[in-house]
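Have a look at query.pdb; it's PDB, C-alpha atoms, pLDDT in the B column:
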ATOM      1  CA  ASP C   1      83.761 105.430  77.283  1.00 88.00           C
ATOM      2  CA  LEU C   2      83.086 103.109  80.151  1.00 93.00           C
ATOM      3  CA  GLN C   3      85.649 103.831  82.907  1.00 96.00           C
ATOM      4  CA  MET C   4      87.178 101.165  85.117  1.00 97.00           C
ATOM      5  CA  THR C   5      88.614 102.303  88.440  1.00 97.00           C
ATOM      6  CA  GLN C   6      90.846  99.942  90.358  1.00 97.00           C
ATOM      7  CA  SER C   7      91.793 100.259  93.997  1.00 96.00           C
ATOM      8  CA  PRO C   8      94.285 100.350  95.460  1.00 97.00           C
ATOM      9  CA  SER C   9      96.815 101.466  92.844  1.00 97.00           C
ATOM     10  CA  ALA C  10      99.546  99.747  94.796  1.00 97.00           C
ATOM     11  CA  MET C  11      99.837  97.716  97.954  1.00 97.00           C
ATOM     12  CA  SER C  12     102.415  96.006 100.088  1.00 96.00           C
ATOM     13  CA  ALA C  13     101.753  92.488 101.255  1.00 96.00           C
ATOM     14  CA  SER C  14     103.527  89.452 102.640  1.00 95.00           C
ATOM     15  CA  VAL C  15     103.598  85.825 101.640  1.00 96.00           C
ATOM     16  CA  GLY C  16     100.518  84.139 103.052  1.00 96.00           C
ATOM     17  CA  ASP C  17      98.425  87.316 103.173  1.00 96.00           C
ATOM     18  CA  ARG C  18      94.889  87.485 101.838  1.00 97.00           C
ATOM     19  CA  VAL C  19      94.808  90.159  99.146  1.00 97.00           C
ATOM     20  CA  THR C  20      91.772  91.892  97.692  1.00 98.00           C
ATOM     21  CA  VAL C  21      91.712  94.173  94.656  1.00 98.00           C
ATOM     22  CA  THR C  22      88.585  96.066  93.660  1.00 98.00           C
ATOM     23  CA  CYS C  23      87.435  97.272  90.262  1.00 98.00           C
ATOM     24  CA  ARG C  24      84.496  99.628  89.813  1.00 98.00           C
ATOM     25  CA  ALA C  25      82.786 100.280  86.492  1.00 97.00           C
ATOM     26  CA  SER C  26      81.270 103.660  85.644  1.00 97.00           C
ATOM     27  CA  GLN C  27      78.128 101.846  84.529  1.00 97.00           C
ATOM     28  CA  ALA C  28      76.744  98.339  84.841  1.00 97.00           C
ATOM     29  CA  ILE C  29      78.610  95.714  82.824  1.00 95.00           C
ATOM     30  CA  ASN C  30      76.718  92.598  83.909  1.00 92.00           C
ATOM     31  CA  ASN C  31      79.512  90.031  84.438  1.00 93.00           C
ATOM     32  CA  TYR C  32      81.656  91.027  81.442  1.00 95.00           C
ATOM     33  CA  LEU C  33      84.749  91.457  83.577  1.00 96.00           C
ATOM     34  CA  ALA C  34      88.132  89.739  83.422  1.00 97.00           C
ATOM     35  CA  TRP C  35      91.252  89.914  85.569  1.00 98.00           C
ATOM     36  CA  PHE C  36      94.816  89.708  84.255  1.00 98.00           C
ATOM     37  CA  GLN C  37      98.153  89.273  85.983  1.00 98.00           C
ATOM     38  CA  GLN C  38     101.290  90.819  84.535  1.00 98.00           C
ATOM     39  CA  ARG C  39     104.691  90.091  85.997  1.00 97.00           C
ATOM     40  CA  PRO C  40     107.537  92.478  85.021  1.00 94.00           C
ATOM     41  CA  GLY C  41     108.665  91.900  81.459  1.00 94.00           C
ATOM     42  CA  GLU C  42     105.944  89.336  80.815  1.00 97.00           C
ATOM     43  CA  VAL C  43     102.767  89.143  78.785  1.00 98.00           C
ATOM     44  CA  PRO C  44      99.474  89.683  80.637  1.00 98.00           C
ATOM     45  CA  LYS C  45      97.890  86.414  81.672  1.00 97.00           C
ATOM     46  CA  ARG C  46      94.152  85.937  82.127  1.00 97.00           C
ATOM     47  CA  LEU C  47      93.207  84.706  85.592  1.00 98.00           C
ATOM     48  CA  ILE C  48      89.451  85.209  85.729  1.00 97.00           C
ATOM     49  CA  TYR C  49      86.758  85.750  83.106  1.00 96.00           C
ATOM     50  CA  ALA C  50      83.012  86.332  83.340  1.00 95.00           C
ATOM     51  CA  ALA C  51      83.731  87.947  86.731  1.00 96.00           C
ATOM     52  CA  SER C  52      84.139  84.679  88.625  1.00 97.00           C
ATOM     53  CA  SER C  53      85.228  81.880  86.261  1.00 96.00           C
ATOM     54  CA  LEU C  54      88.748  80.634  86.899  1.00 97.00           C
ATOM     55  CA  GLN C  55      90.932  80.302  83.829  1.00 95.00           C
ATOM     56  CA  SER C  56      92.117  76.743  83.279  1.00 94.00           C
ATOM     57  CA  GLY C  57      95.492  76.157  84.906  1.00 96.00           C
ATOM     58  CA  VAL C  58      95.252  79.108  87.294  1.00 97.00           C
ATOM     59  CA  PRO C  59      95.697  78.197  90.979  1.00 97.00           C
ATOM     60  CA  SER C  60      92.528  78.030  93.041  1.00 97.00           C
ATOM     61  CA  ARG C  61      93.840  80.660  95.477  1.00 98.00           C
ATOM     62  CA  PHE C  62      92.670  83.191  92.891  1.00 98.00           C
ATOM     63  CA  SER C  63      88.971  83.982  92.840  1.00 98.00           C
ATOM     64  CA  GLY C  64      86.732  86.661  91.428  1.00 98.00           C
ATOM     65  CA  SER C  65      83.346  87.979  92.446  1.00 97.00           C
ATOM     66  CA  GLY C  66      80.886  90.731  91.695  1.00 96.00           C
ATOM     67  CA  SER C  67      78.371  91.834  89.133  1.00 93.00           C
ATOM     68  CA  GLY C  68      76.987  95.082  87.829  1.00 93.00           C
ATOM     69  CA  THR C  69      79.494  97.780  88.736  1.00 97.00           C
ATOM     70  CA  GLU C  70      81.667  96.382  91.528  1.00 97.00           C
ATOM     71  CA  PHE C  71      84.062  93.477  91.225  1.00 98.00           C
ATOM     72  CA  THR C  72      86.734  91.905  93.379  1.00 98.00           C
ATOM     73  CA  LEU C  73      89.805  89.793  92.771  1.00 98.00           C
ATOM     74  CA  THR C  74      90.933  87.864  95.831  1.00 98.00           C
ATOM     75  CA  ILE C  75      94.155  85.959  96.382  1.00 97.00           C
ATOM     76  CA  SER C  76      93.525  83.774  99.414  1.00 97.00           C
ATOM     77  CA  SER C  77      97.160  83.174 100.378  1.00 96.00           C
ATOM     78  CA  LEU C  78      99.739  85.251  98.528  1.00 96.00           C
ATOM     79  CA  GLN C  79     102.643  83.308  97.067  1.00 96.00           C
ATOM     80  CA  PRO C  80     106.045  84.693  95.954  1.00 95.00           C
ATOM     81  CA  GLU C  81     105.105  84.318  92.296  1.00 95.00           C
ATOM     82  CA  ASP C  82     101.979  86.450  92.808  1.00 96.00           C
ATOM     83  CA  PHE C  83     103.888  89.686  93.219  1.00 93.00           C
ATOM     84  CA  ALA C  84     102.819  91.417  90.024  1.00 97.00           C
ATOM     85  CA  THR C  85     100.468  94.019  88.585  1.00 98.00           C
ATOM     86  CA  TYR C  86      96.812  93.104  88.214  1.00 98.00           C
ATOM     87  CA  TYR C  87      94.429  94.624  85.693  1.00 98.00           C
ATOM     88  CA  CYS C  88      90.703  94.370  85.282  1.00 98.00           C
ATOM     89  CA  LEU C  89      89.097  94.562  81.842  1.00 97.00           C
ATOM     90  CA  GLN C  90      85.506  95.294  80.912  1.00 96.00           C
ATOM     91  CA  TYR C  91      84.383  93.729  77.662  1.00 95.00           C
ATOM     92  CA  TYR C  92      80.728  94.704  77.908  1.00 94.00           C
ATOM     93  CA  SER C  93      80.902  97.591  75.483  1.00 93.00           C
ATOM     94  CA  ASP C  94      83.309  99.161  73.025  1.00 93.00           C
ATOM     95  CA  PRO C  95      85.869 100.457  73.524  1.00 95.00           C
ATOM     96  CA  TRP C  96      86.997  97.661  75.838  1.00 96.00           C
ATOM     97  CA  THR C  97      88.770  99.317  78.745  1.00 97.00           C
ATOM     98  CA  PHE C  98      91.257  98.224  81.362  1.00 98.00           C
ATOM     99  CA  GLY C  99      91.619  99.457  84.885  1.00 97.00           C
ATOM    100  CA  GLN C 100      94.784 101.383  85.639  1.00 97.00           C
ATOM    101  CA  GLY C 101      96.363  98.417  87.413  1.00 97.00           C
ATOM    102  CA  THR C 102      97.163  97.397  90.968  1.00 98.00           C
ATOM    103  CA  LYS C 103     100.776  96.650  91.791  1.00 97.00           C
ATOM    104  CA  VAL C 104     101.193  94.089  94.561  1.00 97.00           C
ATOM    105  CA  GLU C 105     104.614  94.451  96.148  1.00 95.00           C
ATOM    106  CA  ILE C 106     106.445  92.754  98.947  1.00 83.00           C
TER     107      ILE C 106
ATOM    108  CA  GLN J   1      97.406  75.547  72.155  1.00 90.00           C
ATOM    109  CA  VAL J   2      97.048  78.691  70.095  1.00 94.00           C
ATOM    110  CA  GLN J   3     100.165  80.792  69.697  1.00 97.00           C
ATOM    111  CA  LEU J   4     100.402  84.377  68.468  1.00 97.00           C
ATOM    112  CA  GLN J   5     103.549  86.086  67.226  1.00 97.00           C
ATOM    113  CA  ALA J   6     103.660  89.810  66.523  1.00 97.00           C
ATOM    114  CA  SER J   7     106.268  91.151  64.164  1.00 96.00           C
ATOM    115  CA  GLY J   8     107.253  94.424  62.578  1.00 93.00           C
ATOM    116  CA  PRO J   9     109.811  97.219  62.593  1.00 94.00           C
ATOM    117  CA  GLY J  10     111.100  98.152  66.005  1.00 94.00           C
ATOM    118  CA  VAL J  11     111.595 101.813  65.054  1.00 97.00           C
ATOM    119  CA  VAL J  12     109.242 104.090  63.136  1.00 97.00           C
ATOM    120  CA  LYS J  13     109.868 107.726  62.276  1.00 97.00           C
ATOM    121  CA  PRO J  14     107.457 110.417  63.475  1.00 97.00           C
ATOM    122  CA  SER J  15     104.580 111.102  61.050  1.00 96.00           C
ATOM    123  CA  GLU J  16     105.080 107.737  59.341  1.00 97.00           C
ATOM    124  CA  THR J  17     102.957 104.595  59.530  1.00 97.00           C
ATOM    125  CA  LEU J  18     103.474 101.832  62.066  1.00 97.00           C
ATOM    126  CA  SER J  19     102.816  98.403  60.533  1.00 98.00           C
ATOM    127  CA  LEU J  20     102.580  95.185  62.526  1.00 98.00           C
ATOM    128  CA  THR J  21     101.541  91.648  61.681  1.00 98.00           C
ATOM    129  CA  CYS J  22     100.397  88.920  64.036  1.00 98.00           C
ATOM    130  CA  THR J  23     100.733  85.306  62.949  1.00 97.00           C
ATOM    131  CA  VAL J  24      98.438  82.733  64.535  1.00 97.00           C
ATOM    132  CA  SER J  25      99.683  79.166  64.848  1.00 94.00           C
ATOM    133  CA  SER J  26      98.402  75.897  66.327  1.00 94.00           C
ATOM    134  CA  GLY J  27      94.856  77.065  65.692  1.00 91.00           C
ATOM    135  CA  SER J  28      92.596  78.650  63.121  1.00 90.00           C
ATOM    136  CA  ILE J  29      92.071  82.357  62.722  1.00 92.00           C
ATOM    137  CA  ASN J  30      88.488  81.692  61.664  1.00 91.00           C
ATOM    138  CA  SER J  31      85.522  82.389  63.934  1.00 89.00           C
ATOM    139  CA  TYR J  32      87.456  84.502  66.431  1.00 93.00           C
ATOM    140  CA  TYR J  33      88.130  88.169  67.069  1.00 95.00           C
ATOM    141  CA  TRP J  34      91.716  89.368  66.969  1.00 96.00           C
ATOM    142  CA  SER J  35      92.792  92.467  68.832  1.00 97.00           C
ATOM    143  CA  TRP J  36      95.704  94.820  69.170  1.00 98.00           C
ATOM    144  CA  ILE J  37      96.566  96.170  72.616  1.00 98.00           C
ATOM    145  CA  ARG J  38      99.436  98.450  73.546  1.00 98.00           C
ATOM    146  CA  GLN J  39     101.331  99.356  76.680  1.00 98.00           C
ATOM    147  CA  PRO J  40     103.734 102.296  77.003  1.00 98.00           C
ATOM    148  CA  ALA J  41     106.681 101.613  79.246  1.00 96.00           C
ATOM    149  CA  GLY J  42     105.655 101.640  82.893  1.00 95.00           C
ATOM    150  CA  LYS J  43     102.006 102.323  82.065  1.00 97.00           C
ATOM    151  CA  GLY J  44      98.736 100.468  81.653  1.00 97.00           C
ATOM    152  CA  LEU J  45      97.054  98.608  78.834  1.00 98.00           C
ATOM    153  CA  GLU J  46      95.072 100.240  76.015  1.00 97.00           C
ATOM    154  CA  TRP J  47      92.849  98.357  73.586  1.00 97.00           C
ATOM    155  CA  ILE J  48      93.477  99.607  70.042  1.00 97.00           C
ATOM    156  CA  GLY J  49      90.939  97.613  68.068  1.00 96.00           C
ATOM    157  CA  ARG J  50      89.793  94.229  66.836  1.00 96.00           C
ATOM    158  CA  ILE J  51      89.119  92.451  63.579  1.00 96.00           C
ATOM    159  CA  TYR J  52      86.921  89.431  63.005  1.00 94.00           C
ATOM    160  CA  SER J  53      87.996  86.653  60.678  1.00 91.00           C
ATOM    161  CA  SER J  54      85.429  87.945  58.178  1.00 92.00           C
ATOM    162  CA  GLY J  55      87.219  91.296  58.077  1.00 93.00           C
ATOM    163  CA  SER J  56      84.808  93.417  60.115  1.00 94.00           C
ATOM    164  CA  THR J  57      86.545  95.809  62.475  1.00 94.00           C
ATOM    165  CA  ASN J  58      86.002  97.907  65.585  1.00 94.00           C
ATOM    166  CA  SER J  59      88.538 100.318  66.975  1.00 95.00           C
ATOM    167  CA  ASN J  60      89.054 102.625  69.911  1.00 96.00           C
ATOM    168  CA  PRO J  61      87.640 106.077  69.126  1.00 95.00           C
ATOM    169  CA  SER J  62      90.789 107.594  70.615  1.00 94.00           C
ATOM    170  CA  LEU J  63      92.764 106.131  67.694  1.00 92.00           C
ATOM    171  CA  LYS J  64      90.076 105.350  65.155  1.00 78.00           C
ATOM    172  CA  SER J  65      91.020 107.956  62.559  1.00 89.00           C
ATOM    173  CA  ARG J  66      94.577 106.599  62.403  1.00 96.00           C
ATOM    174  CA  VAL J  67      93.940 102.850  62.626  1.00 97.00           C
ATOM    175  CA  ALA J  68      93.485 100.332  59.843  1.00 96.00           C
ATOM    176  CA  MET J  69      93.320  96.585  60.321  1.00 97.00           C
ATOM    177  CA  SER J  70      93.223  93.676  57.918  1.00 97.00           C
ATOM    178  CA  VAL J  71      93.136  89.898  58.017  1.00 96.00           C
ATOM    179  CA  ASP J  72      94.569  87.244  55.722  1.00 95.00           C
ATOM    180  CA  THR J  73      92.900  83.959  56.601  1.00 93.00           C
ATOM    181  CA  SER J  74      94.981  82.034  54.054  1.00 94.00           C
ATOM    182  CA  LYS J  75      98.124  82.944  56.003  1.00 95.00           C
ATOM    183  CA  ASN J  76      96.478  82.893  59.455  1.00 95.00           C
ATOM    184  CA  GLN J  77      97.617  86.480  59.926  1.00 97.00           C
ATOM    185  CA  PHE J  78      96.115  89.815  60.819  1.00 97.00           C
ATOM    186  CA  SER J  79      97.690  93.236  60.646  1.00 98.00           C
ATOM    187  CA  LEU J  80      97.639  96.713  62.132  1.00 98.00           C
ATOM    188  CA  LYS J  81      98.523 100.016  60.535  1.00 98.00           C
ATOM    189  CA  LEU J  82      98.702 103.139  62.665  1.00 98.00           C
ATOM    190  CA  ARG J  83      99.192 106.330  60.680  1.00 97.00           C
ATOM    191  CA  SER J  84     100.895 109.589  61.576  1.00 96.00           C
ATOM    192  CA  VAL J  85     102.697 108.260  64.623  1.00 97.00           C
ATOM    193  CA  THR J  86     104.232 110.433  67.320  1.00 97.00           C
ATOM    194  CA  ALA J  87     106.382 109.694  70.347  1.00 97.00           C
ATOM    195  CA  ALA J  88     103.160 109.016  72.275  1.00 97.00           C
ATOM    196  CA  ASP J  89     102.706 105.871  70.165  1.00 97.00           C
ATOM    197  CA  THR J  90     105.908 104.339  71.531  1.00 98.00           C
ATOM    198  CA  ALA J  91     104.820 101.176  73.333  1.00 98.00           C
ATOM    199  CA  VAL J  92     104.876  97.416  73.454  1.00 98.00           C
ATOM    200  CA  TYR J  93     102.188  96.216  71.052  1.00 98.00           C
ATOM    201  CA  TYR J  94     100.414  92.954  71.788  1.00 98.00           C
ATOM    202  CA  CYS J  95      98.072  90.902  69.660  1.00 98.00           C
ATOM    203  CA  ALA J  96      95.430  88.807  71.393  1.00 97.00           C
ATOM    204  CA  ARG J  97      92.430  86.573  70.752  1.00 96.00           C
ATOM    205  CA  SER J  98      88.869  86.893  71.963  1.00 94.00           C
ATOM    206  CA  SER J  99      85.500  85.417  71.117  1.00 88.00           C
ATOM    207  CA  VAL J 100      81.951  86.514  71.926  1.00 81.00           C
ATOM    208  CA  GLY J 101      79.782  86.580  75.006  1.00 81.00           C
ATOM    209  CA  SER J 102      80.533  86.792  78.697  1.00 77.00           C
ATOM    210  CA  THR J 103      83.210  84.094  78.508  1.00 80.00           C
ATOM    211  CA  SER J 104      85.199  86.124  75.991  1.00 84.00           C
ATOM    212  CA  SER J 105      88.022  88.632  76.673  1.00 88.00           C
ATOM    213  CA  PHE J 106      91.638  87.955  75.816  1.00 94.00           C
ATOM    214  CA  ASP J 107      92.506  84.319  76.408  1.00 94.00           C
ATOM    215  CA  PHE J 108      95.659  84.087  74.272  1.00 95.00           C
ATOM    216  CA  TRP J 109      98.270  86.807  73.784  1.00 97.00           C
ATOM    217  CA  GLY J 110     101.313  87.247  71.619  1.00 97.00           C
ATOM    218  CA  GLN J 111     104.651  87.979  73.250  1.00 96.00           C
ATOM    219  CA  GLY J 112     104.535  91.680  72.425  1.00 95.00           C
ATOM    220  CA  THR J 113     106.751  93.756  70.190  1.00 97.00           C
ATOM    221  CA  LEU J 114     108.327  97.059  71.192  1.00 97.00           C
ATOM    222  CA  VAL J 115     107.806  99.887  68.737  1.00 98.00           C
ATOM    223  CA  THR J 116     109.760 103.083  69.273  1.00 98.00           C
ATOM    224  CA  VAL J 117     108.823 106.242  67.425  1.00 98.00           C
ATOM    225  CA  SER J 118     112.006 108.164  66.838  1.00 96.00           C
ATOM    226  CA  SER J 119     113.778 110.004  64.060  1.00 94.00           C
TER     227      SER J 119
END
Represent the structure from my file as structure tokens, please.
Amino acid sequence: DLQMTQSPSAMSASVGDRVTVTCRASQAINNYLAWFQQRPGEVPKRLIYAASSLQSGVPSRFSGSGSGTEFTLTISSLQPEDFATYYCLQYYSDPWTFGQGTKVEI
Amino acid sequence: QVQLQASGPGVVKPSETLSLTCTVSSGSINSYYWSWIRQPAGKGLEWIGRIYSSGSTNSNPSLKSRVAMSVDTSKNQFSLKLRSVTAADTAVYYCARSSVGSTSSFDFWGQGTLVTVSS
């Protein structure tokens, strides 16, 4: 299976901070990478697809970049509602696999 | 916009079969892929498998021997059966939609249903 490794697993940040989460694939996945946000008790919500395309309705402070094996989710100015767990997903090959998650805490 | 609603028993006995149904509303089930994803409490997300509206399926090799999926386009529903469950199958089960190509992945999700395996 294609492995997705996220870093860090958890991080502390403050409102207004620039936050970067990295996801590395065990082999090249072109741009078949999505990012999801999951607040406690809520359903995962897609933020980014095709590595860098912003999901409709998602604030522009979220952005994604990368291709091949290394990808980044950036939140340009962290807001209170952004404290959550973030997951990457590769959908290049079966079985589709998620990263282990990055918890962004205050 | 498309809405998904997963339903099924909240408790399943060990060694029995977990059965869930996802109902799609405000959109057609045709021409999309429909997946099941699960999340044990406090843990990450695991893709279980997907079914196309035609009935073709793909599933995670880690579960493949125990998974069966079906689709009923007349009811806009698709279903999951997971056989021989153990406590390790206790999780919130989500249904979700995807399409094909690089713009795919899971754009719409159901609210999730908690399934507990317990005698």
Expected selection from the PyMOL selection byres ((chain J) within 7 of (chain C)), given as a compact mmCIF listing (two decimals) with C-alpha atoms, in the frame of the given file:
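part.txt was written with the following content:
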# COMPACT_ATOMS: atom_id res chain seq x y z
CA GLY J 44 98.74 100.47 81.65
CA LEU J 45 97.05 98.61 78.83
CA GLU J 46 95.07 100.24 76.02
CA TRP J 47 92.85 98.36 73.59
CA ASN J 60 89.05 102.62 69.91
CA SER J 102 80.53 86.79 78.70
CA THR J 103 83.21 84.09 78.51
CA SER J 105 88.02 88.63 76.67
CA ASP J 107 92.51 84.32 76.41
CA GLN J 111 104.65 87.98 73.25
For this session: Considering all atoms listed in the file, state which residue in the set J:Ser79, J:Ser99, J:Trp109, J:Thr90 is at the smallest distance from J:Pro40.
Result: J:Thr90
Exercise. Atom CA of J:Gly10 to atom CA of J:Ala41: how many Å, to one decimal?
Worked result: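 We find that atom CA of J:Gly10 and atom CA of J:Ala41 lie 14.4 Å from each other.
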For this session: Measuring atom to atom with all atoms listed in the file, identify which of J:Val92, J:Pro14, J:Pro61, J:Lys43 is nearest to C:Ser9.
Result: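 Closest residue, counting all atoms listed in the file: J:Lys43.
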Exercise. Within 12 Å of J:Gly55, counting all atoms listed in the file, which residues qualify if same-chain residues fewer than 5 places away don't, as a ChimeraX atom specification?
Worked result: /J:29-34,50,68-73,77-79
For this session: Select, from J:Ile48, J:Val117, J:Val100, J:Val24, the residue with the minimum atom-to-atom distance to J:Gln1, counting all atoms listed in the file.
Result: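 Checking each candidate against J:Gln1, we get J:Val24 as the closest.
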Restricted to N, CA and C atoms, what does stretch 74-92 of chain J look like when written out as a short mmCIF file (atom, residue, chain, number, x, y, z; two decimals), in the first residue's frame?
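Full text of out-v3.cif as output:
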data_model
loop_
_atom_site.label_atom_id
_atom_site.label_comp_id
_atom_site.auth_asym_id
_atom_site.auth_seq_id
_atom_site.Cartn_x
_atom_site.Cartn_y
_atom_site.Cartn_z
N SER J 74 -32.41 2.40 -7.87
CA SER J 74 -33.82 2.79 -7.83
C SER J 74 -34.17 3.49 -6.52
N LYS J 75 -33.43 3.16 -5.47
CA LYS J 75 -33.66 3.78 -4.15
C LYS J 75 -32.61 4.83 -3.82
N ASN J 76 -31.65 5.03 -4.73
CA ASN J 76 -30.53 5.95 -4.46
C ASN J 76 -29.81 5.56 -3.17
N GLN J 77 -29.55 4.28 -3.03
CA GLN J 77 -28.89 3.76 -1.83
C GLN J 77 -27.75 2.83 -2.20
N PHE J 78 -26.77 2.77 -1.30
CA PHE J 78 -25.74 1.75 -1.41
C PHE J 78 -25.48 1.21 -0.01
N SER J 79 -24.93 0.00 0.04
CA SER J 79 -24.85 -0.71 1.31
C SER J 79 -23.49 -1.35 1.52
N LEU J 80 -23.20 -1.60 2.79
CA LEU J 80 -21.97 -2.26 3.21
C LEU J 80 -22.33 -3.42 4.11
N LYS J 81 -21.68 -4.55 3.89
CA LYS J 81 -21.73 -5.66 4.83
C LYS J 81 -20.30 -6.03 5.19
N LEU J 82 -20.05 -6.10 6.49
CA LEU J 82 -18.74 -6.50 6.99
C LEU J 82 -18.94 -7.73 7.87
N ARG J 83 -18.38 -8.84 7.43
CA ARG J 83 -18.61 -10.12 8.11
C ARG J 83 -17.64 -10.35 9.25
N SER J 84 -18.04 -11.24 10.13
CA SER J 84 -17.16 -11.72 11.21
C SER J 84 -16.51 -10.60 11.99
N VAL J 85 -17.32 -9.69 12.48
CA VAL J 85 -16.77 -8.51 13.16
C VAL J 85 -16.18 -8.86 14.52
N THR J 86 -15.21 -8.04 14.92
CA THR J 86 -14.61 -8.13 16.25
C THR J 86 -14.63 -6.72 16.85
N ALA J 87 -14.13 -6.62 18.06
CA ALA J 87 -14.10 -5.32 18.74
C ALA J 87 -13.29 -4.30 17.93
N ALA J 88 -12.33 -4.78 17.16
CA ALA J 88 -11.50 -3.88 16.34
C ALA J 88 -12.30 -3.18 15.23
N ASP J 89 -13.50 -3.66 14.96
CA ASP J 89 -14.35 -3.04 13.95
C ASP J 89 -15.25 -1.96 14.54
N THR J 90 -15.17 -1.73 15.83
CA THR J 90 -15.92 -0.65 16.46
C THR J 90 -15.39 0.69 15.97
N ALA J 91 -16.27 1.50 15.41
CA ALA J 91 -15.84 2.76 14.79
C ALA J 91 -17.06 3.58 14.38
N VAL J 92 -16.81 4.82 14.02
CA VAL J 92 -17.79 5.61 13.29
C VAL J 92 -17.60 5.28 11.81
#
